[in-house]
>>> print(open('protein31.cif').read())   # mmCIF, C-alpha atoms
data_start
loop_
_atom_site.label_atom_id
_atom_site.label_comp_id
_atom_site.auth_asym_id
_atom_site.auth_seq_id
_atom_site.Cartn_x
_atom_site.Cartn_y
_atom_site.Cartn_z
CA MET A 58 4.45 2.09 -1.82
CA ARG A 59 2.44 5.09 -2.96
CA HIS A 60 3.19 8.61 -1.78
CA ASN A 61 0.79 9.80 0.86
CA PRO A 62 0.33 13.60 0.82
CA GLU A 63 -0.74 13.42 4.47
CA GLU A 64 2.56 11.79 5.48
CA SER A 65 4.26 13.75 8.25
CA PHE A 66 7.94 14.61 8.38
CA GLU A 67 8.48 11.96 11.06
CA GLU A 68 6.73 9.29 8.97
CA ALA A 69 8.82 10.20 5.93
CA ARG A 70 11.97 10.02 8.04
CA ALA A 71 10.99 6.58 9.36
CA ARG A 72 10.30 5.36 5.81
CA ARG A 73 13.71 6.58 4.65
CA ARG A 74 15.41 4.87 7.57
CA LEU A 75 13.88 1.61 6.48
CA GLY A 76 15.65 2.00 3.11
CA ARG A 77 12.46 2.71 1.20
CA LYS A 78 13.22 6.28 0.13
CA GLY A 79 12.41 6.61 -3.53
CA LYS A 80 10.70 3.23 -3.73
CA SER A 81 7.33 4.78 -4.66
CA ALA A 82 8.94 6.52 -7.65
CA GLU A 83 10.78 3.34 -8.64
CA SER A 84 7.58 1.30 -8.34
CA ARG A 85 5.71 3.71 -10.59
CA VAL A 86 8.49 3.59 -13.20
CA GLU A 87 8.52 -0.21 -13.06
CA THR A 88 4.75 -0.29 -13.67
CA ILE A 89 5.22 1.93 -16.73
CA LEU A 90 8.07 -0.22 -18.05
CA THR A 91 6.04 -3.40 -17.55
CA GLY A 92 3.24 -1.90 -19.65
CA LEU A 93 5.68 -0.98 -22.43
CA ARG A 94 7.17 -4.49 -22.25
CA MET A 95 3.71 -5.99 -22.76
CA ASP A 96 3.29 -3.77 -25.83
CA GLY A 97 6.57 -5.14 -27.22
CA GLN A 98 8.24 -1.73 -27.26
CA LEU A 99 11.10 -2.56 -24.89
CA ASP A 100 12.61 -4.99 -22.45
CA TYR A 101 14.14 -4.02 -19.16
CA ASP A 102 16.01 -5.36 -16.15
CA ARG A 103 15.28 -4.11 -12.64
CA LEU A 104 18.62 -4.04 -10.90
CA PRO A 105 18.57 -4.79 -7.15
CA ASP A 106 19.31 -1.94 -4.78
CA THR A 107 22.52 -2.47 -2.83
CA ARG A 108 21.11 -0.88 0.32
CA SER A 109 17.98 -3.04 0.24
CA ALA A 110 20.14 -6.13 -0.21
CA GLY A 111 22.00 -5.30 3.00
CA ARG A 112 25.08 -4.05 1.12
CA ILE A 113 26.15 -7.62 0.39
CA MET A 114 26.54 -6.97 -3.33
CA PRO A 115 28.47 -4.40 -5.35
CA ALA A 116 26.69 -1.16 -6.23
CA ARG A 117 24.68 -1.22 -9.44
CA VAL A 118 25.05 1.46 -12.09
CA SER A 119 21.33 2.30 -12.16
CA ASP A 120 17.89 1.19 -11.05
CA PHE A 121 16.89 -0.05 -14.51
CA THR A 122 18.61 -1.13 -17.71
CA LEU A 123 16.40 -0.58 -20.75
CA PHE A 124 16.68 -2.26 -24.16
CA PHE A 125 14.76 -0.75 -27.09
CA ALA A 126 15.14 -0.10 -30.83
CA GLY A 127 18.70 -1.48 -30.93
CA LYS A 128 19.76 0.69 -27.98
CA ALA A 129 20.48 0.23 -24.30
CA ALA A 130 19.98 2.80 -21.56
CA SER A 131 20.67 3.03 -17.85
CA LEU A 132 17.87 4.74 -15.94
CA GLU A 133 18.42 5.98 -12.38
CA VAL A 134 15.28 7.10 -10.52
CA LYS A 135 15.56 9.61 -7.66
CA GLU A 136 12.91 10.97 -5.36
CA MET A 137 13.07 14.36 -3.63
CA LYS A 138 10.72 15.97 -1.16
CA VAL A 139 11.21 19.72 -1.49
CA LYS A 140 8.42 22.30 -1.40
CA LYS A 141 9.74 24.91 -3.85
CA LYS A 142 12.31 25.63 -6.51
CA GLY A 143 15.34 27.63 -5.46
CA PRO A 144 19.09 27.63 -4.93
CA ASN A 145 18.92 25.61 -1.70
CA ILE A 146 17.39 22.52 -3.37
CA ARG A 147 20.05 20.06 -4.38
CA LEU A 148 20.52 16.52 -5.50
CA ASN A 149 23.83 15.63 -3.92
CA ILE A 150 26.13 13.64 -6.21
CA LYS A 151 28.30 12.14 -3.49
CA SER A 152 25.49 10.77 -1.34
CA GLY A 153 22.49 10.95 -3.66
CA PHE A 154 23.86 9.87 -7.05
CA PRO A 155 27.06 7.82 -6.64
CA GLN A 156 26.38 6.02 -9.95
CA PHE A 157 27.13 9.19 -11.95
CA PRO A 158 30.76 8.32 -12.92
CA ARG A 159 29.84 4.79 -14.04
CA MET A 160 26.87 6.06 -16.03
CA LEU A 161 29.20 8.49 -17.83
CA LEU A 162 31.59 5.64 -18.60
CA ARG A 163 28.75 3.56 -20.04
CA GLU A 164 27.61 6.56 -22.08
CA ARG A 165 31.05 6.69 -23.71
CA THR A 166 30.65 3.03 -24.71
CA GLY A 167 27.31 3.63 -26.41
CA CYS A 168 24.83 2.98 -23.59
CA LEU A 169 22.50 5.92 -22.97
CA GLY A 170 22.21 7.20 -19.41
CA TYR A 171 19.28 9.10 -17.88
CA LEU A 172 18.43 10.50 -14.48
CA LEU A 173 14.70 10.64 -13.70
CA VAL A 174 13.93 12.83 -10.69
CA HIS A 175 10.56 12.91 -8.96
CA ASN A 176 9.98 15.93 -6.73
CA VAL A 177 7.12 14.80 -4.51
CA GLU A 178 6.17 18.22 -3.15
CA MET A 179 6.24 19.98 -6.53
CA VAL A 180 4.45 17.01 -8.18
CA LEU A 181 7.09 17.21 -10.88
CA TRP A 182 9.09 14.66 -12.86
CA VAL A 183 12.27 15.66 -14.73
CA MET A 184 14.35 13.45 -17.05
CA VAL A 185 17.92 14.53 -17.78
CA PRO A 186 20.59 12.76 -19.86
CA VAL A 187 23.69 12.23 -17.72
CA THR A 188 25.82 13.76 -20.49
CA LEU A 189 24.21 17.15 -19.79
CA LEU A 190 25.11 17.06 -16.09
CA PRO A 191 28.33 19.00 -15.40
CA ARG A 192 31.31 16.96 -14.26
CA GLY A 193 33.05 17.80 -11.01
CA VAL A 194 29.91 19.35 -9.50
CA LYS A 195 28.86 17.79 -6.21
CA SER A 196 25.20 18.81 -6.31
CA PHE A 197 22.55 20.05 -8.71
CA HIS A 198 19.83 22.59 -8.08
CA MET A 199 16.34 21.40 -8.96
CA ASP A 200 15.76 24.46 -11.15
CA THR A 201 18.98 23.63 -13.06
CA LEU A 202 17.74 20.08 -13.65
CA ILE A 203 14.46 21.52 -14.95
CA LYS A 204 16.35 23.74 -17.44
CA MET A 205 18.58 20.86 -18.62
CA GLY A 206 15.93 18.18 -18.93
CA ARG A 207 12.35 17.56 -19.87
CA THR A 208 9.45 17.75 -17.47
CA GLY A 209 6.18 15.87 -17.65
CA ARG A 210 4.39 12.78 -16.50
CA PRO A 211 6.72 9.78 -16.18
CA GLU A 212 4.62 7.78 -18.65
CA GLU A 213 5.14 10.44 -21.32
CA LEU A 214 8.86 10.90 -20.60
CA ILE A 215 9.66 7.19 -20.78
CA LYS A 216 7.45 6.54 -23.82
CA GLU A 217 9.09 9.46 -25.65
CA LEU A 218 12.54 8.13 -24.78
CA VAL A 219 11.68 4.68 -26.17
CA THR A 220 9.95 5.86 -29.36
CA ASN A 221 11.97 8.95 -30.32
CA ASP A 222 15.40 8.58 -31.96
CA THR A 223 16.42 12.14 -31.07
CA TYR A 224 15.17 12.38 -27.50
CA PHE A 225 17.84 14.89 -26.47
#
>>> encode(input="protein31.cif", output="structure tokens")
Amino acid sequence: MRHNPEESFEEARARRRLGRKGKSAESRVETILTGLRMDGQLDYDRLPDTRSAGRIMPARVSDFTLFFAGKAASLEVKEMKVKKKGPNIRLNIKSGFPQFPRMLLRERTGCLGYLLVHNVEMVLWVMVPVTLLPRGVKSFHMDTLIKMGRTGRPEELIKELVTNDTYF
């Protein structure tokens, strides 16, 4: 589902209630990954969302698992709808990113972990390695994520991750 800039607050709320929050960002990332798979640059698995599956399966560590250049990476895609940067904009770890502890554990075993955040209102994508996120913090400000990560178009961020040995 593509983001509609004319979508009202009530329509966005209804979409979220149906469990489709963030699905437009995830769909765009999956399209990018499919293109890179066709080019032979990577392979990936799209992990099913626990909420969409009616919570009948255990939570997955991320939305995507990527395999490229002898490496593996977990990629979690989040979507926010906030009009401006500032201290009141947060990505809540407890409710918005419960995979954080498991992604850190996988990072310690050699699997890379990345958080890709799409801010719909700012038309901004930010990719942050989970190792740069502070532990014990319950939420992150959007401007902090921008300082810690890289911003750009999702195609560029993912392609750079796959082709660059020293991404971060």
>>> closest_residue(input="protein31.cif", among="A:Leu104, A:Met95, A:Met137, A:Ala130", to="Val177 (chain A)", atoms="all atoms listed in the file")
A:Met137
>>> closest_residue(input="protein31.cif", among="A:Gly170, A:Pro158, A:Pro191, A:Pro211", to="Thr88 (chain A)", atoms="only C-alpha atoms")
A:Pro211
>>> closest_residue(input="protein31.cif", among="A:Arg207, A:Arg85, A:Lys128, A:Arg192", to="Gly167 (chain A)", atoms="all atoms listed in the file")
A:Lys128
>>> atom_distance(input="protein31.cif", atom1="CA of Thr91 (chain A)", atom2="CA of Lys138 (chain A)")
25.8 Å
>>> closest_residue(input="protein31.cif", among="A:Glu217, A:Glu164, A:Asp200, A:Asp120", to="Val86 (chain A)", atoms="only C-alpha atoms")
A:Asp120
>>> resolve_selection(input="protein31.cif", expression="the PyMOL selection byres ((chain A and resi 129) around 12)", output="PyMOL selection string")
chain A and resi 99-102+121-128+130-132+160+163-164+166-171+218-219
>>> closest_residue(input="protein31.cif", among="A:Phe157, A:Lys204, A:Lys216, A:Ser196", to="Asp96 (chain A)", atoms="only C-alpha atoms")
A:Lys216
>>> atom_distance(input="protein31.cif", atom1="CA of Arg117 (chain A)", atom2="CA of Gly92 (chain A)")
23.8 Å
>>> resolve_selection(input="protein31.cif", expression="the PyMOL selection byres ((chain A and resi 206) around 8)", output="list in words")
Val183, Met184, Val185, Pro186, Leu202, Ile203, Lys204, Met205, Arg207 and Thr208 of chain A
>>> axis_aligned_box(input="protein31.cif", around="region 183-192 of chain A", padding_each_side="5 Å", output="AutoDock Vina command-line options")
--center_x 21.8 --center_y 15.6 --center_z -17.4 --size_x 29.0 --size_y 16.8 --size_z 16.2
>>> atom_distance(input="protein31.cif", atom1="CA of Arg159 (chain A)", atom2="CA of Pro105 (chain A)")
16.3 Å
>>> residues_near_point(input="protein31.cif", point="(16.5, 9.3, -9.9)", cutoff="8 Å", atoms="only C-alpha atoms", output="number ranges by chain")
A: 132-136, 154, 172-175
>>> closest_residue(input="protein31.cif", among="A:Ala116, A:Thr201, A:Leu214, A:Leu161", to="Thr188 (chain A)", atoms="only C-alpha atoms")
A:Leu161
